[in-house]
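A.B. asks: What follows is the file coords.csv, containing CSV, C-alpha atoms:
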chain,number,residue,atom,x,y,z
A,97,PRO,CA,48.2,-53.3,4.0
A,98,THR,CA,48.6,-49.5,4.1
A,99,ASN,CA,52.2,-49.3,2.9
A,100,HIS,CA,51.5,-48.4,-0.8
A,101,LEU,CA,48.0,-47.0,-0.5
A,102,ASP,CA,47.1,-43.4,-1.0
A,103,ALA,CA,45.2,-41.4,1.6
A,104,ALA,CA,41.7,-42.1,0.1
A,105,ALA,CA,42.4,-45.8,-0.2
A,106,ARG,CA,43.6,-46.0,3.4
A,107,ARG,CA,40.5,-44.3,4.6
A,108,TRP,CA,38.3,-46.6,2.6
A,109,LEU,CA,40.1,-49.7,3.8
A,110,GLY,CA,40.0,-48.5,7.4
A,111,ASP,CA,36.3,-47.9,7.3
A,112,TYR,CA,35.7,-51.3,5.5
A,113,VAL,CA,37.7,-53.3,8.0
A,114,GLY,CA,36.1,-51.4,10.9
A,115,ALA,CA,32.6,-52.3,9.6
A,116,TYR,CA,33.4,-55.9,8.7
A,117,GLN,CA,31.6,-58.5,10.7
A,118,GLY,CA,34.4,-61.1,10.7
A,119,THR,CA,37.7,-61.1,12.6
A,120,VAL,CA,40.7,-59.4,11.1
A,121,LEU,CA,44.3,-59.2,12.4
A,122,VAL,CA,46.3,-56.2,11.0
A,123,VAL,CA,49.8,-55.0,11.5
A,124,SER,CA,50.0,-51.2,10.8
A,125,HIS,CA,51.9,-48.1,11.9
A,126,ASP,CA,49.3,-45.8,10.5
A,127,ALA,CA,47.5,-44.2,13.4
A,128,GLU,CA,44.5,-42.9,11.4
A,129,PHE,CA,44.0,-46.3,9.8
A,130,LEU,CA,44.0,-47.9,13.3
A,131,ARG,CA,41.4,-45.4,14.5
A,132,ARG,CA,39.1,-46.4,11.7
A,133,ALA,CA,39.8,-50.2,11.6
A,134,SER,CA,40.4,-51.5,15.1
A,135,ASN,CA,38.4,-52.3,18.2
A,136,SER,CA,41.2,-54.0,20.2
A,137,ILE,CA,44.9,-53.5,20.3
A,138,ALA,CA,47.7,-56.0,21.0
A,139,GLU,CA,51.0,-54.1,21.7
A,140,VAL,CA,54.4,-55.7,21.4
A,141,ALA,CA,56.8,-53.7,23.6
A,142,GLY,CA,59.5,-54.4,26.1
A,143,GLY,CA,59.7,-58.1,25.2
A,144,ARG,CA,56.0,-58.6,26.1
A,145,LEU,CA,52.7,-58.9,24.3
A,146,GLU,CA,49.8,-57.1,26.0
A,147,LEU,CA,46.2,-57.1,24.9
A,148,TYR,CA,43.9,-54.0,25.2
A,149,LYS,CA,40.5,-55.5,24.5
A,150,SER,CA,37.5,-53.6,23.2
A,151,VAL,CA,39.1,-50.2,23.0
A,152,THR,CA,39.5,-47.6,20.3
A,153,TYR,CA,43.0,-46.6,19.3
A,154,ASP,CA,42.8,-43.3,21.3
A,155,LYS,CA,41.4,-45.2,24.3
A,156,PHE,CA,44.3,-47.6,24.0
A,157,LEU,CA,46.8,-44.7,24.3
A,158,GLU,CA,45.0,-43.5,27.4
A,159,GLU,CA,44.8,-46.9,29.0
A,160,ARG,CA,48.4,-47.7,28.3
A,161,GLU,CA,49.6,-44.5,30.0
A,162,GLU,CA,47.3,-45.3,33.0
A,163,ARG,CA,48.8,-48.8,33.3
A,164,GLN,CA,52.3,-47.4,33.0
A,165,ALA,CA,51.6,-44.8,35.6
A,166,ARG,CA,50.4,-47.5,38.0
A,167,VAL,CA,53.5,-49.5,37.4
A,168,ARG,CA,55.8,-46.5,37.8
A,169,ALA,CA,54.1,-45.7,41.1
A,170,THR,CA,54.6,-49.3,42.3
A,171,VAL,CA,58.3,-49.3,41.3
A,172,GLU,CA,58.8,-46.0,43.1
A,173,ALA,CA,57.1,-47.2,46.3
A,174,GLN,CA,59.1,-50.4,46.2
A,175,GLU,CA,62.3,-48.4,45.8
A,176,ARG,CA,61.4,-46.3,48.9
A,177,GLU,CA,60.8,-49.5,50.9
A,178,ARG,CA,64.0,-51.0,49.6
A,179,LYS,CA,66.0,-48.0,50.8
A,180,ARG,CA,64.2,-48.0,54.2
A,181,MET,CA,65.0,-51.7,54.8
A,182,GLN,CA,68.6,-51.3,53.5
A,183,ASP,CA,69.1,-48.4,55.9
A,184,PHE,CA,67.8,-50.4,58.8
A,185,ILE,CA,70.2,-53.4,57.9
A,186,ASP,CA,73.1,-51.0,57.5
A,187,ARG,CA,72.5,-49.4,60.9
A,188,MET,CA,71.4,-52.4,63.0
A,189,GLY,CA,73.2,-55.3,61.4
A,190,ALA,CA,76.3,-55.0,63.5
A,191,LYS,CA,74.3,-54.8,66.8
A,192,ALA,CA,73.9,-58.1,68.6
A,193,SER,CA,70.5,-57.0,70.0
A,194,LYS,CA,69.2,-56.2,66.5
A,195,ALA,CA,70.9,-59.0,64.5
A,196,THR,CA,67.7,-61.1,64.3
A,197,GLN,CA,65.6,-58.2,63.1
A,198,ALA,CA,68.3,-57.2,60.5
A,199,LYS,CA,68.4,-60.8,59.2
A,200,ASP,CA,64.7,-60.8,58.9
A,201,ARG,CA,64.8,-57.6,57.0
A,202,GLN,CA,67.5,-59.0,54.7
A,203,GLY,CA,65.2,-61.9,53.7
A,204,LYS,CA,62.3,-59.4,53.1
A,205,LEU,CA,64.7,-57.2,51.0
A,206,GLU,CA,65.6,-60.2,48.8
A,207,ARG,CA,62.0,-60.9,48.2
A,208,LEU,CA,61.3,-57.3,47.5
A,209,ALA,CA,64.1,-57.2,44.9
A,210,LYS,CA,62.4,-60.0,43.0
A,211,GLN,CA,59.1,-58.2,43.2
A,212,GLN,CA,60.7,-55.0,42.0
A,213,ALA,CA,62.4,-56.7,39.1
A,214,ALA,CA,59.0,-58.1,38.0
A,215,ALA,CA,57.4,-54.7,38.2
A,216,LYS,CA,60.2,-53.0,36.3
A,217,ALA,CA,59.8,-55.6,33.5
A,218,LEU,CA,56.3,-54.2,33.0
A,219,LEU,CA,57.7,-50.7,32.2
A,220,ILE,CA,57.9,-49.9,28.5
A,221,GLY,CA,61.2,-48.0,28.0
A,222,GLN,CA,61.5,-45.0,25.8
A,223,GLN,CA,62.0,-46.1,22.2
A,224,ARG,CA,65.3,-45.0,20.8
A,225,ARG,CA,64.5,-42.5,18.1
A,226,PRO,CA,66.5,-43.1,14.9
A,227,SER,CA,68.8,-40.3,13.9
A,228,LEU,CA,69.1,-39.4,10.2
A,229,THR,CA,71.8,-37.3,8.6
A,230,LEU,CA,71.9,-37.4,4.8
A,231,ALA,CA,75.2,-37.3,3.1
A,232,ALA,CA,76.4,-33.8,2.1
A,233,PRO,CA,75.4,-32.9,-1.4
A,234,PRO,CA,78.0,-32.1,-4.0
A,235,PRO,CA,78.2,-28.5,-5.4
A,236,CYS,CA,75.7,-28.0,-8.2
A,237,GLY,CA,74.1,-25.3,-10.3
A,238,MET,CA,70.8,-23.7,-9.4
A,239,THR,CA,68.9,-26.3,-11.3
A,240,PRO,CA,70.5,-29.7,-10.8
A,241,LEU,CA,67.7,-31.6,-12.6
A,242,ALA,CA,65.0,-30.8,-15.0
A,243,LEU,CA,62.6,-32.2,-17.6
A,244,ALA,CA,61.8,-30.1,-20.7
A,245,GLY,CA,58.9,-31.0,-23.0
A,246,ALA,CA,58.9,-34.5,-21.7
A,247,ASP,CA,56.5,-37.2,-22.8
A,248,ILE,CA,56.5,-40.0,-20.2
A,249,ARG,CA,55.0,-43.5,-20.7
A,250,HIS,CA,55.1,-46.6,-18.6
A,251,PRO,CA,57.2,-49.3,-20.4
A,252,LEU,CA,54.1,-51.5,-20.7
A,253,GLY,CA,51.7,-48.7,-21.3
A,254,ALA,CA,49.9,-47.9,-24.6
A,255,GLN,CA,49.7,-44.2,-24.0
A,256,ASP,CA,51.6,-41.4,-22.4
A,257,ILE,CA,51.1,-40.7,-18.7
A,258,ILE,CA,52.3,-37.1,-19.1
A,259,THR,CA,52.9,-35.1,-22.3
A,260,GLY,CA,55.0,-32.0,-22.7
A,261,ALA,CA,56.1,-32.0,-19.0
A,262,ASP,CA,58.3,-29.1,-17.9
A,263,LEU,CA,59.7,-29.5,-14.4
A,264,ALA,CA,62.7,-27.8,-12.9
A,265,VAL,CA,64.0,-29.2,-9.6
A,266,ALA,CA,65.7,-26.2,-8.1
A,267,LYS,CA,68.7,-26.4,-5.8
A,268,GLY,CA,67.5,-26.8,-2.1
A,269,MET,CA,64.0,-27.7,-3.2
A,270,ARG,CA,62.1,-30.4,-1.2
A,271,LEU,CA,59.7,-31.5,-3.9
A,272,ILE,CA,56.7,-33.8,-3.1
A,273,LEU,CA,55.2,-35.7,-6.1
A,274,ARG,CA,51.7,-36.6,-5.1
A,275,GLY,CA,48.7,-38.2,-6.8
A,276,PRO,CA,46.3,-41.2,-6.4
A,277,ASN,CA,47.5,-44.8,-6.9
A,278,GLY,CA,48.1,-45.5,-10.6
A,279,ALA,CA,48.6,-41.9,-11.6
A,280,GLY,CA,52.2,-42.6,-12.6
A,281,LYS,CA,54.2,-41.1,-9.8
A,282,SER,CA,56.8,-44.0,-9.8
A,283,THR,CA,57.1,-43.8,-13.6
A,284,ILE,CA,57.7,-40.1,-13.5
A,285,LEU,CA,60.4,-40.6,-10.8
A,286,LYS,CA,62.1,-43.1,-13.1
A,287,ALA,CA,62.1,-40.6,-15.9
A,288,LEU,CA,63.6,-38.0,-13.5
A,289,ALA,CA,66.2,-40.5,-12.4
A,290,GLY,CA,67.2,-41.3,-16.0
A,291,SER,CA,66.2,-45.0,-15.8
A,292,LEU,CA,63.2,-44.6,-18.2
A,293,ARG,CA,63.6,-43.3,-21.7
A,294,LEU,CA,61.5,-40.3,-22.7
A,295,GLY,CA,59.2,-40.5,-25.7
A,296,GLU,CA,59.9,-36.9,-26.5
A,297,GLY,CA,61.7,-34.0,-24.8
A,298,GLN,CA,64.8,-33.9,-22.6
A,299,ARG,CA,66.1,-34.8,-19.2
A,300,VAL,CA,68.7,-32.2,-18.2
A,301,ALA,CA,71.0,-33.0,-15.3
A,302,ASP,CA,73.9,-31.0,-13.9
A,303,GLU,CA,77.2,-32.9,-14.7
A,304,ARG,CA,78.0,-32.7,-11.0
A,305,LEU,CA,74.7,-34.2,-9.8
A,306,GLU,CA,75.0,-37.3,-7.6
A,307,LEU,CA,71.5,-38.9,-7.6
A,308,GLY,CA,70.3,-41.3,-4.9
A,309,VAL,CA,67.0,-43.1,-5.5
A,310,PHE,CA,65.0,-44.7,-2.8
A,311,ALA,CA,62.4,-46.6,-4.8
A,312,GLN,CA,59.1,-47.8,-3.4
A,313,ASP,CA,60.2,-51.4,-3.3
A,314,LEU,CA,64.0,-50.8,-2.7
A,315,ALA,CA,64.0,-52.5,0.7
A,316,GLN,CA,62.5,-55.7,-0.7
A,317,GLU,CA,64.9,-55.7,-3.7
A,318,LEU,CA,68.1,-55.8,-1.5
A,319,PRO,CA,70.2,-59.0,-1.8
A,320,GLN,CA,68.6,-61.2,0.9
A,321,ASP,CA,71.6,-63.4,1.5
A,322,VAL,CA,74.1,-60.6,2.1
A,323,VAL,CA,75.0,-59.4,5.6
A,324,ALA,CA,73.5,-55.9,6.3
A,325,PHE,CA,76.8,-54.3,7.3
A,326,GLU,CA,78.6,-55.7,4.2
A,327,TYR,CA,75.9,-54.4,1.9
A,328,VAL,CA,76.0,-50.9,3.3
A,329,SER,CA,79.8,-50.7,3.4
A,330,GLN,CA,80.3,-52.1,-0.1
A,331,THR,CA,77.6,-49.9,-1.6
A,332,VAL,CA,78.9,-46.6,-0.2
A,333,ARG,CA,82.5,-47.4,-1.1
A,334,ARG,CA,81.7,-47.7,-4.7
A,335,THR,CA,81.5,-43.9,-4.7
A,336,ASP,CA,83.6,-43.0,-1.6
A,337,GLY,CA,86.4,-45.4,-0.7
A,338,THR,CA,87.3,-43.4,2.4
A,339,VAL,CA,84.2,-44.5,4.4
A,340,THR,CA,85.5,-46.5,7.3
A,341,ASP,CA,83.8,-49.5,9.0
A,342,GLU,CA,83.4,-47.4,12.2
A,343,ARG,CA,81.5,-44.8,10.2
A,344,CYS,CA,79.2,-47.4,8.7
A,345,ARG,CA,78.5,-48.9,12.1
A,346,ALA,CA,77.8,-45.5,13.6
A,347,VAL,CA,75.3,-44.6,10.9
A,348,MET,CA,73.5,-48.0,11.0
A,349,GLY,CA,73.4,-47.7,14.8
A,350,ALA,CA,71.9,-44.2,14.6
A,351,LEU,CA,69.1,-45.7,12.4
A,352,GLY,CA,68.4,-48.4,15.0
A,353,LEU,CA,70.4,-51.2,13.5
A,354,VAL,CA,72.1,-51.9,16.8
A,355,GLY,CA,73.5,-55.1,18.4
A,356,ASP,CA,73.6,-58.1,16.1
A,357,LYS,CA,71.1,-56.7,13.6
A,358,ALA,CA,73.9,-55.2,11.4
A,359,ALA,CA,75.5,-58.7,11.3
A,360,ARG,CA,72.4,-60.5,10.2
A,361,SER,CA,71.6,-61.4,6.6
A,362,ILE,CA,69.2,-58.9,5.1
A,363,GLY,CA,66.7,-61.7,4.5
A,364,ASP,CA,66.5,-62.3,8.3
A,365,LEU,CA,65.6,-58.7,9.1
A,366,SER,CA,62.1,-57.3,9.3
A,367,GLY,CA,60.6,-55.1,6.6
A,368,GLY,CA,61.3,-51.9,8.5
A,369,GLU,CA,64.8,-53.0,9.3
A,370,LYS,CA,65.5,-53.7,5.6
A,371,ALA,CA,64.3,-50.1,4.8
A,372,ARG,CA,66.8,-48.8,7.3
A,373,VAL,CA,69.6,-50.8,5.7
A,374,ALA,CA,68.7,-49.1,2.4
A,375,LEU,CA,68.4,-45.7,4.0
A,376,ALA,CA,71.9,-46.1,5.6
A,377,THR,CA,73.4,-46.0,2.2
A,378,PHE,CA,72.0,-42.5,1.7
A,379,CYS,CA,73.6,-41.2,4.9
A,380,LEU,CA,77.2,-42.0,4.0
Could you express the structure from this file as structure tokens?

C.D. replies:
Amino acid sequence: PTNHLDAAARRWLGDYVGAYQGTVLVVSHDAEFLRRASNSIAEVAGGRLELYKSVTYDKFLEEREERQARVRATVEAQERERKRMQDFIDRMGAKASKATQAKDRQGKLERLAKQQAAAKALLIGQQRRPSLTLAAPPPCGMTPLALAGADIRHPLGAQDIITGADLAVAKGMRLILRGPNGAGKSTILKALAGSLRLGEGQRVADERLELGVFAQDLAQELPQDVVAFEYVSQTVRRTDGTVTDERCRAVMGALGLVGDKAARSIGDLSGGEKARVALATFCL
């Protein structure tokens, strides 16, 4: 529920859910929202679902680390025992006087291997961090994009959101457009992108500008029946026909679209995976 909410709305919603007397199940990546809203955590990790009941989000983090520390200690102790028994078998297995003991240790070693495998299954591996490298920008002037005296109105609006706007997006700038929900941020971005006609004023773009737009709902607007890899490769080759299949796969893999995920239809991917498919087209 927090994906498109501004900070004030997320805080309000978190406090409301936290005080609500009923039962609510929420999926969220927003740590601050979880601190406000939750009193129990169910974590999906390592192919398992583990419940942390009656804990705050911060207490969950502590308890998870404590559980993992205990599991790591168990695995390490089992590994020491495995090496000790294997050493005994290797040294004594060939001696007739010790053959019975060695055989007994072999049986214990096989049982220990099963116990160790079960313990290792409880360990949560380090998540592979996505790697993002945006495509190299083309050469441009010092002001690749600007608005001059721009009046901006939503296509369905009765009045302008902004009037007489002057905005110069300078080369190398990382510009954040912020404001509460409904202030018109997405509409202004469309005006900057050239997909929304200005009421008055001008949009001035460097003729060498290559503009990529990751819209708020872009991931959901992707063609759902197209294979993820095919979408990425076909999209980037419209502007650069030299991009190879290997390069496409490498970029998608760096963003976490590994294994068969790149070969799935976009509609079969999760919301986060769809966003990574869209993002991959910005990296090639």

A.B. asks: Looking at only C-alpha atoms, which of A:Ala264, A:Ala315, A:Gln164, A:Thr377 is the one that sits closest to A:Arg333?

C.D. replies: A:Thr377

A.B. asks: Select, from A:Arg168, A:Leu243, A:Pro319, A:Gly337, the residue with the minimum atom-to-atom distance to A:Ala374, counting all atoms listed in the file.

C.D. replies: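 Under the stated criterion, the closest residue is A:Pro319.
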
A.B. asks: Write out as a short mmCIF file (atom, residue, chain, number, x, y, z; two decimals) with C-alpha atoms, in the frame of the given file the residues lying within 12 Å of A:Ala311, counting all atoms listed in the file and excluding same-chain residues fewer than 6 positions away.

C.D. replies:
data_model
loop_
_atom_site.label_atom_id
_atom_site.label_comp_id
_atom_site.auth_asym_id
_atom_site.auth_seq_id
_atom_site.Cartn_x
_atom_site.Cartn_y
_atom_site.Cartn_z
CA HIS A 100 51.50 -48.40 -0.80
CA LYS A 281 54.20 -41.10 -9.80
CA SER A 282 56.80 -44.00 -9.80
CA THR A 283 57.10 -43.80 -13.60
CA ILE A 284 57.70 -40.10 -13.50
CA LEU A 285 60.40 -40.60 -10.80
CA LYS A 286 62.10 -43.10 -13.10
CA ALA A 289 66.20 -40.50 -12.40
CA SER A 291 66.20 -45.00 -15.80
CA GLU A 317 64.90 -55.70 -3.70
CA LEU A 318 68.10 -55.80 -1.50
CA ALA A 371 64.30 -50.10 4.80
CA ALA A 374 68.70 -49.10 2.40
CA LEU A 375 68.40 -45.70 4.00
#

A.B. asks: Residues near A:Val328, anyone? I mean within 10 Å using all atoms listed in the file, not counting same-chain ones fewer than 5 positions away, as a PyMOL selection string.

C.D. replies: chain A and resi 322-323+333+341+344-345+347-348+358+373-378+380

A.B. asks: When you count only C-alpha atoms, which of these residues is closest to A:Ile362: A:Asp321, A:Glu306, A:Asp126, A:Asp336?

C.D. replies: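 Once distances to A:Ile362 are computed over only C-alpha atoms, the minimum belongs to A:Asp321.
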
A.B. asks: Within 9 Å of A:Gln182, counting all atoms listed in the file, which residues qualify if same-chain residues fewer than 4 places away don't, as JSON, numbers by chain?

C.D. replies: {"A": [177, 178, 186, 187, 201, 202, 205]}

A.B. asks: Quick one, how far is atom CA of A:Ala242 from atom CA of A:Gln255?

C.D. replies: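 Atom-to-atom, atom CA of A:Ala242 and atom CA of A:Gln255 are spaced 22.2 Å apart.
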
A.B. asks: Of the candidates A:Gly118, A:Ala301, A:Arg160, A:Gly278, which shows the shortest atom-to-atom distance to A:Ala138, using all atoms listed in the file?

C.D. replies: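 Of A:Gly118, A:Ala301, A:Arg160, A:Gly278, the one nearest A:Ala138, counting all atoms listed in the file, is A:Arg160.
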
A.B. asks: Could you state the separation of atom CA of A:Ala192 and atom CA of A:Gln211 in Å, given to one decimal place?

C.D. replies: 29.4 Å

A.B. asks: Work out how far atom CA of A:Arg207 is from atom CA of A:Arg180, in Å to one decimal.

C.D. replies: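 Going from atom CA of A:Arg180 over to atom CA of A:Arg207, I get 14.4 Å.
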
A.B. asks: Using only C-alpha atoms, which of A:Gly268, A:Gly280, A:Pro251, A:Pro240 sits nearest A:Arg293?

C.D. replies: A:Pro251

A.B. asks: Smallest atom-to-atom distance to A:Gly295: which of A:Gly275, A:Gly308, A:Gly260, A:Gly352, using only C-alpha atoms?

C.D. replies: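 When distances to A:Gly295 are compared using only C-alpha atoms, the smallest one comes from A:Gly260.
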
A.B. asks: Using all atoms listed in the file, which protein or nucleic acid residues come within 6 Å of A:Asn135? Drop anything in the same chain fewer than 4 positions from it, and give the result as JSON, numbers by chain.

C.D. replies: {"A": [150, 151, 152]}

A.B. asks: Taking 3 positions as the minimum chain separation for residues in the same chain, which residues sit within 12 Å of A:Met188 when counting only C-alpha atoms? Answer as a list in words.

C.D. replies: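 The residues that qualify are Met181, Gln182, Asp183, Phe184, Ile185, Lys191, Ala192, Ser193, Lys194, Ala195, Thr196, Gln197, Ala198, Lys199, Asp200, Arg201 and Gln202 of chain A.
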
A.B. asks: Show me the residues close to (72.2, -24.0, -9.8) - anything with an atom within 10 Å, counting only C-alpha atoms - and format the list as a ChimeraX atom specification.

C.D. replies: /A:235-241,265-268,302
